[in-house]
>>> print(open('model.json').read())   # JSON, C-alpha atoms and all ligand atoms
[["chain", "number", "residue", "atom", "x", "y", "z"],
["K", 1, "MET", "CA", 24.05, -1.60, 2.03],
["K", 2, "SER", "CA", 21.23, -0.16, 4.06],
["K", 3, "ASP", "CA", 18.62, -2.45, 5.65],
["K", 4, "TYR", "CA", 16.00, 0.01, 4.54],
["K", 5, "ILE", "CA", 14.21, -0.06, 1.22],
["K", 6, "LEU", "CA", 12.53, 3.24, 2.07],
["K", 7, "GLU", "CA", 13.28, 6.31, 4.13],
["K", 8, "MET", "CA", 10.98, 9.29, 4.15],
["K", 9, "ARG", "CA", 12.70, 12.20, 5.88],
["K", 10, "ASN", "CA", 11.05, 15.28, 7.33],
["K", 11, "ILE", "CA", 8.03, 15.08, 5.09],
["K", 12, "THR", "CA", 5.69, 18.04, 5.39],
["K", 13, "LYS", "CA", 2.55, 18.38, 3.31],
["K", 14, "VAL", "CA", 0.19, 21.29, 3.66],
["K", 15, "PHE", "CA", -3.31, 21.64, 2.23],
["K", 16, "PRO", "CA", -5.09, 25.00, 2.46],
["K", 17, "GLY", "CA", -5.73, 25.39, 6.17],
["K", 18, "VAL", "CA", -4.42, 21.92, 7.13],
["K", 19, "LYS", "CA", -0.92, 20.68, 7.86],
["K", 20, "ALA", "CA", -1.61, 17.07, 6.95],
["K", 21, "LEU", "CA", 2.01, 15.98, 7.51],
["K", 22, "ASP", "CA", 4.37, 17.77, 9.86],
["K", 23, "ASN", "CA", 7.99, 16.66, 9.57],
["K", 24, "VAL", "CA", 7.20, 12.98, 9.32],
["K", 25, "ASN", "CA", 9.99, 10.43, 9.41],
["K", 26, "PHE", "CA", 9.14, 6.97, 8.21],
["K", 27, "LYS", "CA", 11.48, 4.06, 7.52],
["K", 28, "VAL", "CA", 10.70, 0.64, 6.10],
["K", 29, "LYS", "CA", 13.08, -2.31, 6.11],
["K", 30, "LYS", "CA", 13.57, -4.48, 3.05],
["K", 31, "GLY", "CA", 11.25, -7.46, 2.99],
["K", 32, "GLU", "CA", 9.20, -6.55, 6.03],
["K", 33, "ILE", "CA", 5.50, -6.03, 6.61],
["K", 34, "HIS", "CA", 5.26, -2.54, 8.03],
["K", 35, "CYS", "CA", 1.94, -1.43, 9.46],
["K", 36, "LEU", "CA", 1.04, 2.24, 9.44],
["K", 37, "VAL", "CA", -1.63, 3.13, 11.99],
["K", 38, "GLY", "CA", -3.29, 6.25, 13.34],
["K", 39, "GLU", "CA", -6.70, 7.72, 13.88],
["K", 40, "ASN", "CA", -8.78, 9.04, 10.98],
["K", 41, "GLY", "CA", -7.20, 12.20, 9.62],
["K", 42, "SER", "CA", -3.76, 11.49, 11.13],
["K", 43, "GLY", "CA", -2.13, 11.65, 7.69],
["K", 44, "LYS", "CA", -1.63, 8.00, 6.70],
["K", 45, "SER", "CA", -3.12, 8.21, 3.22],
["K", 46, "THR", "CA", -1.46, 11.55, 2.53],
["K", 47, "LEU", "CA", 1.93, 10.08, 3.44],
["K", 48, "MET", "CA", 1.38, 7.23, 1.01],
["K", 49, "LYS", "CA", 0.21, 9.65, -1.69],
["K", 50, "VAL", "CA", 3.40, 11.65, -1.27],
["K", 51, "LEU", "CA", 5.36, 8.42, -1.58],
["K", 52, "SER", "CA", 3.59, 7.29, -4.73],
["K", 53, "GLY", "CA", 3.71, 10.57, -6.63],
["K", 54, "VAL", "CA", 0.03, 11.50, -6.32],
["K", 55, "TYR", "CA", 1.42, 14.67, -4.72],
["K", 56, "PRO", "CA", 4.43, 15.27, -6.93],
["K", 57, "TYR", "CA", 7.90, 16.45, -6.07],
["K", 58, "GLY", "CA", 7.70, 20.16, -5.30],
["K", 59, "GLU", "CA", 4.30, 19.87, -3.59],
["K", 60, "TYR", "CA", 5.74, 18.55, -0.34],
["K", 61, "LYS", "CA", 8.83, 19.21, 1.71],
["K", 62, "GLY", "CA", 11.37, 16.57, 2.69],
["K", 63, "ASP", "CA", 13.06, 13.64, 1.00],
["K", 64, "ILE", "CA", 11.94, 10.27, -0.28],
["K", 65, "ILE", "CA", 14.84, 7.85, -0.36],
["K", 66, "LEU", "CA", 14.30, 4.53, -2.06],
["K", 67, "ASN", "CA", 17.18, 2.06, -2.05],
["K", 68, "GLU", "CA", 19.47, 4.84, -0.88],
["K", 69, "GLN", "CA", 18.55, 7.16, -3.74],
["K", 70, "ILE", "CA", 16.56, 10.35, -3.50],
["K", 71, "GLN", "CA", 13.44, 10.16, -5.62],
["K", 72, "LYS", "CA", 11.60, 13.02, -7.25],
["K", 73, "PHE", "CA", 8.42, 11.41, -8.50],
["K", 74, "THR", "CA", 6.25, 13.69, -10.60],
["K", 75, "CYS", "CA", 3.39, 11.21, -11.06],
["K", 76, "ILE", "CA", 2.19, 7.71, -10.16],
["K", 77, "THR", "CA", 3.82, 6.23, -13.25],
["K", 78, "ASP", "CA", 7.23, 7.38, -11.94],
["K", 79, "SER", "CA", 6.80, 5.61, -8.62],
["K", 80, "GLU", "CA", 5.47, 2.48, -10.33],
["K", 81, "LYS", "CA", 8.56, 2.37, -12.50],
["K", 82, "ALA", "CA", 10.57, 2.37, -9.27],
["K", 83, "GLY", "CA", 8.52, -0.63, -8.05],
["K", 84, "ILE", "CA", 6.06, 1.14, -5.75],
["K", 85, "VAL", "CA", 2.42, 0.18, -6.25],
["K", 86, "THR", "CA", -0.47, 1.40, -4.09],
["K", 87, "ILE", "CA", -3.81, -0.27, -3.77],
["K", 88, "TYR", "CA", -6.42, 2.12, -2.46],
["K", 89, "GLN", "CA", -9.53, 1.32, -0.55],
["K", 90, "GLU", "CA", -11.60, 2.51, -3.47],
["K", 91, "LEU", "CA", -10.48, -0.10, -5.96],
["K", 92, "ALA", "CA", -9.20, 1.20, -9.26],
["K", 93, "LEU", "CA", -10.46, -1.66, -11.43],
["K", 94, "ILE", "CA", -12.84, -1.11, -14.34],
["K", 95, "PRO", "CA", -15.94, -3.19, -13.54],
["K", 96, "GLU", "CA", -17.07, -3.57, -17.15],
["K", 97, "MET", "CA", -13.73, -5.02, -18.26],
["K", 98, "THR", "CA", -12.47, -8.57, -17.83],
["K", 99, "ILE", "CA", -10.00, -9.62, -15.19],
["K", 100, "TYR", "CA", -7.18, -10.04, -17.71],
["K", 101, "GLU", "CA", -7.84, -6.66, -19.33],
["K", 102, "ASN", "CA", -7.78, -5.03, -15.91],
["K", 103, "ILE", "CA", -4.52, -6.68, -14.87],
["K", 104, "PHE", "CA", -2.65, -5.28, -17.86],
["K", 105, "LEU", "CA", -4.58, -2.04, -18.28],
["K", 106, "GLY", "CA", -2.11, 0.78, -18.77],
["K", 107, "HIS", "CA", 0.85, -1.54, -19.36],
["K", 108, "GLU", "CA", -0.46, -3.73, -22.14],
["K", 109, "ILE", "CA", 1.59, -6.55, -23.61],
["K", 110, "LYS", "CA", 2.23, -5.68, -27.25],
["K", 111, "LYS", "CA", 3.28, -7.51, -30.36],
["K", 112, "GLY", "CA", 4.43, -4.76, -32.68],
["K", 113, "ARG", "CA", 1.81, -2.04, -32.52],
["K", 114, "PHE", "CA", -0.99, -4.26, -31.33],
["K", 115, "ILE", "CA", -2.01, -5.75, -28.01],
["K", 116, "ASP", "CA", -1.09, -9.41, -27.80],
["K", 117, "TRP", "CA", -4.28, -10.77, -26.27],
["K", 118, "ASN", "CA", -3.16, -14.42, -26.21],
["K", 119, "GLU", "CA", -0.06, -13.52, -24.28],
["K", 120, "THR", "CA", -2.09, -11.19, -22.05],
["K", 121, "VAL", "CA", -4.40, -14.02, -21.01],
["K", 122, "ILE", "CA", -1.46, -16.39, -20.38],
["K", 123, "LYS", "CA", 0.36, -13.82, -18.26],
["K", 124, "ALA", "CA", -2.82, -12.89, -16.41],
["K", 125, "GLU", "CA", -3.29, -16.55, -15.49],
["K", 126, "GLU", "CA", 0.28, -16.59, -14.15],
["K", 127, "MET", "CA", -0.39, -13.55, -11.98],
["K", 128, "LEU", "CA", -3.68, -15.00, -10.70],
["K", 129, "LYS", "CA", -1.82, -18.15, -9.72],
["K", 130, "LYS", "CA", 0.60, -16.03, -7.69],
["K", 131, "VAL", "CA", -2.29, -14.56, -5.70],
["K", 132, "LYS", "CA", -3.85, -18.03, -5.40],
["K", 133, "LEU", "CA", -7.03, -17.01, -7.17],
["K", 134, "LYS", "CA", -8.56, -19.83, -9.18],
["K", 135, "ILE", "CA", -10.77, -18.02, -11.63],
["K", 136, "ASN", "CA", -11.39, -17.65, -15.34],
["K", 137, "PRO", "CA", -9.60, -14.41, -16.34],
["K", 138, "SER", "CA", -12.26, -13.70, -18.96],
["K", 139, "ILE", "CA", -14.89, -12.98, -16.30],
["K", 140, "LYS", "CA", -15.80, -9.33, -15.91],
["K", 141, "VAL", "CA", -14.63, -7.68, -12.71],
["K", 142, "LYS", "CA", -18.17, -6.53, -11.86],
["K", 143, "ASP", "CA", -19.18, -10.20, -11.61],
["K", 144, "ILE", "CA", -16.80, -11.08, -8.77],
["K", 145, "GLY", "CA", -16.94, -10.13, -5.09],
["K", 146, "VAL", "CA", -14.89, -7.41, -3.46],
["K", 147, "GLY", "CA", -12.50, -9.92, -1.84],
["K", 148, "ARG", "CA", -11.59, -11.35, -5.22],
["K", 149, "GLN", "CA", -11.37, -7.87, -6.74],
["K", 150, "GLN", "CA", -8.76, -7.05, -4.11],
["K", 151, "LEU", "CA", -6.75, -10.09, -5.22],
["K", 152, "VAL", "CA", -7.04, -8.99, -8.86],
["K", 153, "GLU", "CA", -5.58, -5.62, -7.82],
["K", 154, "ILE", "CA", -2.66, -7.42, -6.21],
["K", 155, "ALA", "CA", -2.23, -9.54, -9.34],
["K", 156, "LYS", "CA", -2.09, -6.28, -11.27],
["K", 157, "ALA", "CA", 0.56, -4.94, -8.88],
["K", 158, "LEU", "CA", 2.61, -8.12, -9.36],
["K", 159, "SER", "CA", 2.37, -7.75, -13.13],
["K", 160, "LYS", "CA", 4.04, -4.36, -12.69],
["K", 161, "ASN", "CA", 6.94, -6.00, -10.88],
["K", 162, "VAL", "CA", 6.12, -4.51, -7.49],
["K", 163, "LYS", "CA", 8.91, -4.24, -4.91],
["K", 164, "LEU", "CA", 7.04, -2.14, -2.36],
["K", 165, "LEU", "CA", 3.33, -2.84, -2.11],
["K", 166, "ILE", "CA", 1.17, -0.33, -0.26],
["K", 167, "LEU", "CA", -2.28, -1.39, 0.86],
["K", 168, "ASP", "CA", -4.48, 1.39, 2.22],
["K", 169, "GLU", "CA", -7.06, -0.22, 4.49],
["K", 170, "PRO", "CA", -7.52, -3.25, 2.26],
["K", 171, "THR", "CA", -9.64, -5.24, 4.67],
["K", 172, "ALA", "CA", -12.05, -2.44, 5.58],
["K", 173, "ALA", "CA", -14.68, -3.74, 3.16],
["K", 174, "LEU", "CA", -13.85, -7.44, 3.41],
["K", 175, "ASN", "CA", -15.53, -10.16, 5.43],
["K", 176, "GLU", "CA", -13.51, -12.26, 7.86],
["K", 177, "ASP", "CA", -12.65, -15.06, 5.42],
["K", 178, "ASP", "CA", -11.55, -12.67, 2.68],
["K", 179, "SER", "CA", -9.51, -10.64, 5.19],
["K", 180, "GLU", "CA", -7.72, -13.74, 6.43],
["K", 181, "ASN", "CA", -7.04, -14.83, 2.90],
["K", 182, "LEU", "CA", -5.57, -11.44, 2.07],
["K", 183, "LEU", "CA", -3.34, -11.39, 5.15],
["K", 184, "TYR", "CA", -2.11, -14.88, 4.29],
["K", 185, "LEU", "CA", -1.28, -13.68, 0.78],
["K", 186, "ILE", "CA", 0.66, -10.67, 2.11],
["K", 187, "LYS", "CA", 2.79, -13.08, 4.16],
["K", 188, "GLU", "CA", 3.33, -15.24, 1.07],
["K", 189, "LEU", "CA", 4.41, -12.20, -0.95],
["K", 190, "LYS", "CA", 6.85, -11.33, 1.81],
["K", 191, "LYS", "CA", 8.45, -14.76, 1.32],
["K", 192, "GLN", "CA", 8.86, -13.82, -2.34],
["K", 193, "GLY", "CA", 10.68, -10.63, -1.37],
["K", 194, "VAL", "CA", 7.88, -8.09, -1.66],
["K", 195, "THR", "CA", 8.01, -5.40, 1.04],
["K", 196, "CYS", "CA", 4.59, -4.32, 2.22],
["K", 197, "ILE", "CA", 3.19, -1.22, 3.90],
["K", 198, "LEU", "CA", -0.21, -2.01, 5.34],
["K", 199, "ILE", "CA", -2.54, 0.68, 6.63],
["K", 200, "SER", "CA", -5.17, -0.79, 8.88],
["K", 201, "HIS", "CA", -7.55, 0.16, 11.63],
["K", 202, "LYS", "CA", -7.94, -3.42, 12.74],
["K", 203, "LEU", "CA", -5.37, -3.74, 15.48],
["K", 204, "LYS", "CA", -5.76, -7.51, 15.91],
["K", 205, "GLU", "CA", -4.83, -7.82, 12.27],
["K", 206, "VAL", "CA", -1.87, -5.45, 12.74],
["K", 207, "ILE", "CA", -0.54, -7.43, 15.67],
["K", 208, "SER", "CA", -0.89, -10.72, 13.83],
["K", 209, "ILE", "CA", 1.06, -9.62, 10.78],
["K", 210, "ALA", "CA", 3.38, -6.67, 11.50],
["K", 211, "ASP", "CA", 7.17, -6.81, 11.62],
["K", 212, "SER", "CA", 7.16, -3.11, 12.47],
["K", 213, "VAL", "CA", 4.49, -0.57, 13.32],
["K", 214, "THR", "CA", 4.60, 3.21, 12.85],
["K", 215, "VAL", "CA", 2.02, 5.36, 14.59],
["K", 216, "LEU", "CA", 0.97, 8.74, 13.21],
["K", 217, "ARG", "CA", -0.98, 11.31, 15.19],
["K", 218, "ASP", "CA", -2.03, 14.74, 13.90],
["K", 219, "GLY", "CA", 0.42, 14.50, 11.00],
["K", 220, "LYS", "CA", 3.39, 13.60, 13.18],
["K", 221, "THR", "CA", 5.31, 10.38, 13.71],
["K", 222, "ILE", "CA", 4.69, 9.31, 17.29],
["K", 223, "CYS", "CA", 6.76, 6.16, 17.29],
["K", 224, "SER", "CA", 8.07, 3.24, 15.31],
["K", 225, "ILE", "CA", 8.01, -0.14, 16.96],
["K", 226, "ASP", "CA", 10.17, -3.07, 15.94],
["K", 227, "CYS", "CA", 8.02, -6.06, 16.83],
["K", 228, "ASP", "CA", 11.07, -8.31, 17.28],
["K", 229, "LYS", "CA", 12.37, -6.05, 20.00],
["K", 230, "GLU", "CA", 9.22, -4.83, 21.67],
["K", 231, "LYS", "CA", 5.99, -6.62, 22.37],
["K", 232, "ILE", "CA", 3.08, -4.88, 20.73],
["K", 233, "THR", "CA", -0.38, -4.97, 22.19],
["K", 234, "GLU", "CA", -3.61, -3.28, 21.19],
["K", 235, "SER", "CA", -3.51, -1.04, 24.25],
["K", 236, "LEU", "CA", 0.07, 0.06, 23.51],
["K", 237, "ILE", "CA", -0.88, 1.02, 19.95],
["K", 238, "ILE", "CA", -4.06, 2.80, 21.04],
["K", 239, "ARG", "CA", -2.16, 4.74, 23.69],
["K", 240, "HIS", "CA", 0.23, 6.01, 21.03],
["K", 241, "MET", "CA", -2.63, 6.72, 18.62],
["K", 242, "VAL", "CA", -4.66, 8.84, 20.99],
["K", 243, "GLY", "CA", -1.82, 10.18, 23.12],
["K", 244, "ARG", "CA", -3.10, 9.29, 26.56],
["K", 245, "GLU", "CA", -3.84, 6.38, 28.84],
["K", 246, "ILE", "CA", -7.02, 4.55, 28.02],
["K", 247, "ASP", "CA", -9.30, 2.49, 30.23],
["I", 1, "LIG", "P1", -5.84, 9.32, 7.21],
["I", 1, "LIG", "O1", -5.57, 8.57, 5.96],
["I", 1, "LIG", "O2", -4.87, 9.01, 8.31],
["I", 1, "LIG", "O3", -7.26, 9.17, 7.67],
["I", 1, "LIG", "P2", -5.48, 11.66, 5.56],
["I", 1, "LIG", "O4", -4.09, 11.57, 5.09],
["I", 1, "LIG", "O5", -6.54, 11.26, 4.61],
["I", 1, "LIG", "O6", -5.63, 10.88, 6.93],
["I", 1, "LIG", "O7", -5.77, 13.16, 6.00],
["I", 1, "LIG", "C1", -4.90, 13.92, 6.82],
["I", 1, "LIG", "C2", -5.45, 15.33, 6.95],
["I", 1, "LIG", "O8", -5.33, 16.00, 5.69],
["I", 1, "LIG", "C3", -6.92, 15.41, 7.34],
["I", 1, "LIG", "O9", -7.09, 16.54, 8.15],
["I", 1, "LIG", "C4", -7.61, 15.59, 6.01],
["I", 1, "LIG", "O10", -8.83, 16.25, 6.17],
["I", 1, "LIG", "C5", -6.60, 16.41, 5.24],
["I", 1, "LIG", "N1", -6.63, 16.15, 3.78],
["I", 1, "LIG", "C6", -6.36, 14.97, 3.18],
["I", 1, "LIG", "N2", -6.44, 15.09, 1.85],
["I", 1, "LIG", "C7", -6.79, 16.39, 1.60],
["I", 1, "LIG", "C8", -7.02, 17.15, 0.41],
["I", 1, "LIG", "N3", -6.91, 16.58, -0.80],
["I", 1, "LIG", "N4", -7.36, 18.45, 0.55],
["I", 1, "LIG", "C9", -7.43, 19.03, 1.76],
["I", 1, "LIG", "N5", -7.23, 18.37, 2.91],
["I", 1, "LIG", "C10", -6.91, 17.07, 2.85],
["I", 2, "MG", "MG", -6.80, 7.22, 4.87]]
>>> encode(input="model.json", output="structure tokens", more="lines below")
Ligand code: ADP
Ligand code: MG
Amino acid sequence: MSDYILEMRNITKVFPGVKALDNVNFKVKKGEIHCLVGENGSGKSTLMKVLSGVYPYGEYKGDIILNEQIQKFTCITDSEKAGIVTIYQELALIPEMTIYENIFLGHEIKKGRFIDWNETVIKAEEMLKKVKLKINPSIKVKDIGVGRQQLVEIAKALSKNVKLLILDEPTAALNEDDSENLLYLIKELKKQGVTCILISHKLKEVISIADSVTVLRDGKTICSIDCDKEKITESLIIRHMVGREID
């Protein structure tokens, strides 16, 4: 059995006039926290969108191999069925709806033809417990802060039985306490067997949490660092990101 949950091989993605990804290779080990870093426009989000089916099979070149099987996702639902859930920086929650409605939106719990609201609330409470969020699930999402909204998104991912959780700059809009809380939770999820890909600009955060780091520059993989084998520092990462020595 391979150590890798994910291998993306020779991924190329072209937009009109832009080669966003140029033969990218990207491998993630089972159960690790893998940080994906690179300057703005280096292709991080595009790579994750290829992985999650936002750009469907046929609209990119290369192979996505999940648990040793080639995947041909045609939409986000396909990748979610395979256990891949992405949380974007722009949160996808519906502010006017309650926390429990949001958690099960799109994959409602049904009794016969109807939504089983009692069960939905019970299950939502279970998921909130897993993300260590003590809150009444009947509160509307618009009435909680962005840090807690982030946790609700993760609760939603857990309700979909996530195996590979992708977080695209999750702490960009969070204050220090909420960021720390989120990083702690990612480590807890790792203990429960969830593999995580974390995109972040905050290199201190990357160093504190990463098992591996991949650096993209101009749509190309520059390097992958195994943090057990090589000591990572901010200056090492920045050097790879920008491609030259820095002061
Ligand atoms: P990052 O997430 O690392 O900041 P992106 O993956 O968003 O980078 O972007 C990589 C490159 O692809 C950039 O040059 C960006 O302008 C371009 N790009 C991203 N999405 C699109 C799109 N939908 N249409 C055209 N160009 C895009
Ligand atoms: Mg991005």
>>> atom_distance(input="model.json", atom1="CA of Arg217 (chain K)", atom2="CA of Glu39 (chain K)")
6.9 Å
>>> closest_atom_pairs(input="model.json", of="chain K", to="ligand MG 2 (chain I)", cutoff="12 Å", atoms="only C-alpha atoms and all ligand atoms", output="tab-separated table")
residue	atom	partner	partner_atom	distance
K:Ala20	CA	I:MG2	MG	11.3
K:Leu36	CA	I:MG2	MG	10.4
K:Val37	CA	I:MG2	MG	9.7
K:Gly38	CA	I:MG2	MG	9.2
K:Glu39	CA	I:MG2	MG	9.0
K:Asn40	CA	I:MG2	MG	6.7
K:Gly41	CA	I:MG2	MG	6.9
K:Ser42	CA	I:MG2	MG	8.2
K:Gly43	CA	I:MG2	MG	7.0
K:Lys44	CA	I:MG2	MG	5.5
K:Ser45	CA	I:MG2	MG	4.2
K:Thr46	CA	I:MG2	MG	7.3
K:Leu47	CA	I:MG2	MG	9.3
K:Met48	CA	I:MG2	MG	9.0
K:Lys49	CA	I:MG2	MG	9.9
K:Ile87	CA	I:MG2	MG	11.8
K:Tyr88	CA	I:MG2	MG	8.9
K:Gln89	CA	I:MG2	MG	8.5
K:Glu90	CA	I:MG2	MG	10.7
K:Leu167	CA	I:MG2	MG	10.5
K:Asp168	CA	I:MG2	MG	6.8
K:Glu169	CA	I:MG2	MG	7.5
K:Pro170	CA	I:MG2	MG	10.8
K:Ala172	CA	I:MG2	MG	11.0
K:Leu198	CA	I:MG2	MG	11.4
K:Ile199	CA	I:MG2	MG	8.0
K:Ser200	CA	I:MG2	MG	9.1
K:His201	CA	I:MG2	MG	9.8
K:Leu216	CA	I:MG2	MG	11.5
K:Gly219	CA	I:MG2	MG	11.9
>>> residues_around(input="model.json", residues="Ile135 (chain K)", least_positions_apart="5", cutoff="10 Å", atoms="only C-alpha atoms", output="ChimeraX atom specification")
/K:99,125,128-129,144,148
>>> write_last_selection(input="model.json", atoms="C-alpha atoms", output="PDB file, in the frame of the given file")
ATOM      1  CA  ILE K  99     -10.000  -9.620 -15.190  1.00  0.00           C
ATOM      2  CA  GLU K 125      -3.290 -16.550 -15.490  1.00  0.00           C
ATOM      3  CA  LEU K 128      -3.680 -15.000 -10.700  1.00  0.00           C
ATOM      4  CA  LYS K 129      -1.820 -18.150  -9.720  1.00  0.00           C
ATOM      5  CA  ILE K 144     -16.800 -11.080  -8.770  1.00  0.00           C
ATOM      6  CA  ARG K 148     -11.590 -11.350  -5.220  1.00  0.00           C
TER       7      ARG K 148
END
>>> atom_distance(input="model.json", atom1="CA of Glu180 (chain K)", atom2="atom C1 of ligand LIG 1 (chain I)")
27.8 Å
>>> residues_near_point(input="model.json", point="(2.6, -4.3, -3.1)", cutoff="8 Å", atoms="only C-alpha atoms", output="ChimeraX atom specification")
/K:84-87,154,157-158,162-167,194-197
>>> residues_around(input="model.json", residues="region 224-229 of chain K", least_positions_apart="4", cutoff="6 Å", atoms="all atoms listed in the file", output="number ranges by chain")
K: 211-214
>>> residues_around(input="model.json", residues="Met97 (chain K)", least_positions_apart="6", cutoff="9 Å", atoms="only C-alpha atoms", output="list in words")
Ser138, Ile139, Lys140, Val141 and Lys142 of chain K
>>> axis_aligned_box(input="model.json", around="ligand LIG 1 (chain I)", padding_each_side="6 Å", output="JSON")
{"center_x": -6.5, "center_y": 13.8, "center_z": 3.8, "size_x": 16.7, "size_y": 22.5, "size_z": 21.1}
>>> atom_distance(input="model.json", atom1="CA of Leu6 (chain K)", atom2="CA of Lys191 (chain K)")
18.5 Å
>>> residues_near_point(input="model.json", point="(3.7, 5.4, -10.7)", cutoff="12 Å", atoms="all atoms listed in the file", output="JSON, numbers by chain")
{"K": [49, 50, 51, 52, 53, 54, 55, 56, 71, 72, 73, 74, 75, 76, 77, 78, 79, 80, 81, 82, 83, 84, 85, 86, 87, 106, 107, 157, 160, 161, 162, 164, 165]}
>>> residues_around(input="model.json", residues="Leu105 (chain K)", least_positions_apart="5", cutoff="12 Å", atoms="only C-alpha atoms", output="VMD selection string")
chain K and resid 92 to 94 97 to 100 110 115 117 120 124 152 to 153 155 to 157 159 to 160
>>> write_last_selection(input="model.json", atoms="C-alpha atoms", output="PDB file, keeping the file's coordinate frame")
ATOM      1  CA  ALA K  92      -9.200   1.200  -9.260  1.00  0.00           C
ATOM      2  CA  LEU K  93     -10.460  -1.660 -11.430  1.00  0.00           C
ATOM      3  CA  ILE K  94     -12.840  -1.110 -14.340  1.00  0.00           C
ATOM      4  CA  MET K  97     -13.730  -5.020 -18.260  1.00  0.00           C
ATOM      5  CA  THR K  98     -12.470  -8.570 -17.830  1.00  0.00           C
ATOM      6  CA  ILE K  99     -10.000  -9.620 -15.190  1.00  0.00           C
ATOM      7  CA  TYR K 100      -7.180 -10.040 -17.710  1.00  0.00           C
ATOM      8  CA  LYS K 110       2.230  -5.680 -27.250  1.00  0.00           C
ATOM      9  CA  ILE K 115      -2.010  -5.750 -28.010  1.00  0.00           C
ATOM     10  CA  TRP K 117      -4.280 -10.770 -26.270  1.00  0.00           C
ATOM     11  CA  THR K 120      -2.090 -11.190 -22.050  1.00  0.00           C
ATOM     12  CA  ALA K 124      -2.820 -12.890 -16.410  1.00  0.00           C
ATOM     13  CA  VAL K 152      -7.040  -8.990  -8.860  1.00  0.00           C
ATOM     14  CA  GLU K 153      -5.580  -5.620  -7.820  1.00  0.00           C
ATOM     15  CA  ALA K 155      -2.230  -9.540  -9.340  1.00  0.00           C
ATOM     16  CA  LYS K 156      -2.090  -6.280 -11.270  1.00  0.00           C
ATOM     17  CA  ALA K 157       0.560  -4.940  -8.880  1.00  0.00           C
ATOM     18  CA  SER K 159       2.370  -7.750 -13.130  1.00  0.00           C
ATOM     19  CA  LYS K 160       4.040  -4.360 -12.690  1.00  0.00           C
TER      20      LYS K 160
END
>>> closest_residue(input="model.json", among="K:Asn102, K:Thr12, K:Ser208, K:Thr171", to="Lys231 (chain K)", atoms="all atoms listed in the file")
K:Ser208
>>> closest_residue(input="model.json", among="K:Asp218, K:Glu176, K:Glu119, K:Asp3", to="ligand LIG 1 (chain I)", atoms="only C-alpha atoms and all ligand atoms")
K:Asp218
>>> closest_residue(input="model.json", among="K:Val24, K:Leu203, K:Met1, K:Val14", to="Ile222 (chain K)", atoms="all atoms listed in the file")
K:Val24
>>> closest_residue(input="model.json", among="K:Leu189, K:Ile232, K:Cys223, K:Val215", to="ligand LIG 1 (chain I)", atoms="only C-alpha atoms and all ligand atoms")
K:Val215
>>> residues_around(input="model.json", residues="Ile70 (chain K)", least_positions_apart="3", cutoff="10 Å", atoms="all atoms listed in the file", output="list of chain:residue names")
K:Leu6, K:Glu7, K:Met8, K:Asp63, K:Ile64, K:Ile65, K:Leu66, K:Asn67, K:Phe73
>>> closest_residue(input="model.json", among="K:Arg9, K:Lys19, K:Lys187, K:Lys30", to="ligand LIG 1 (chain I)", atoms="only C-alpha atoms and all ligand atoms")
K:Lys19
>>> closest_residue(input="model.json", among="K:Lys13, K:Lys61, K:Lys204, K:Lys220", to="Met241 (chain K)", atoms="all atoms listed in the file")
K:Lys220
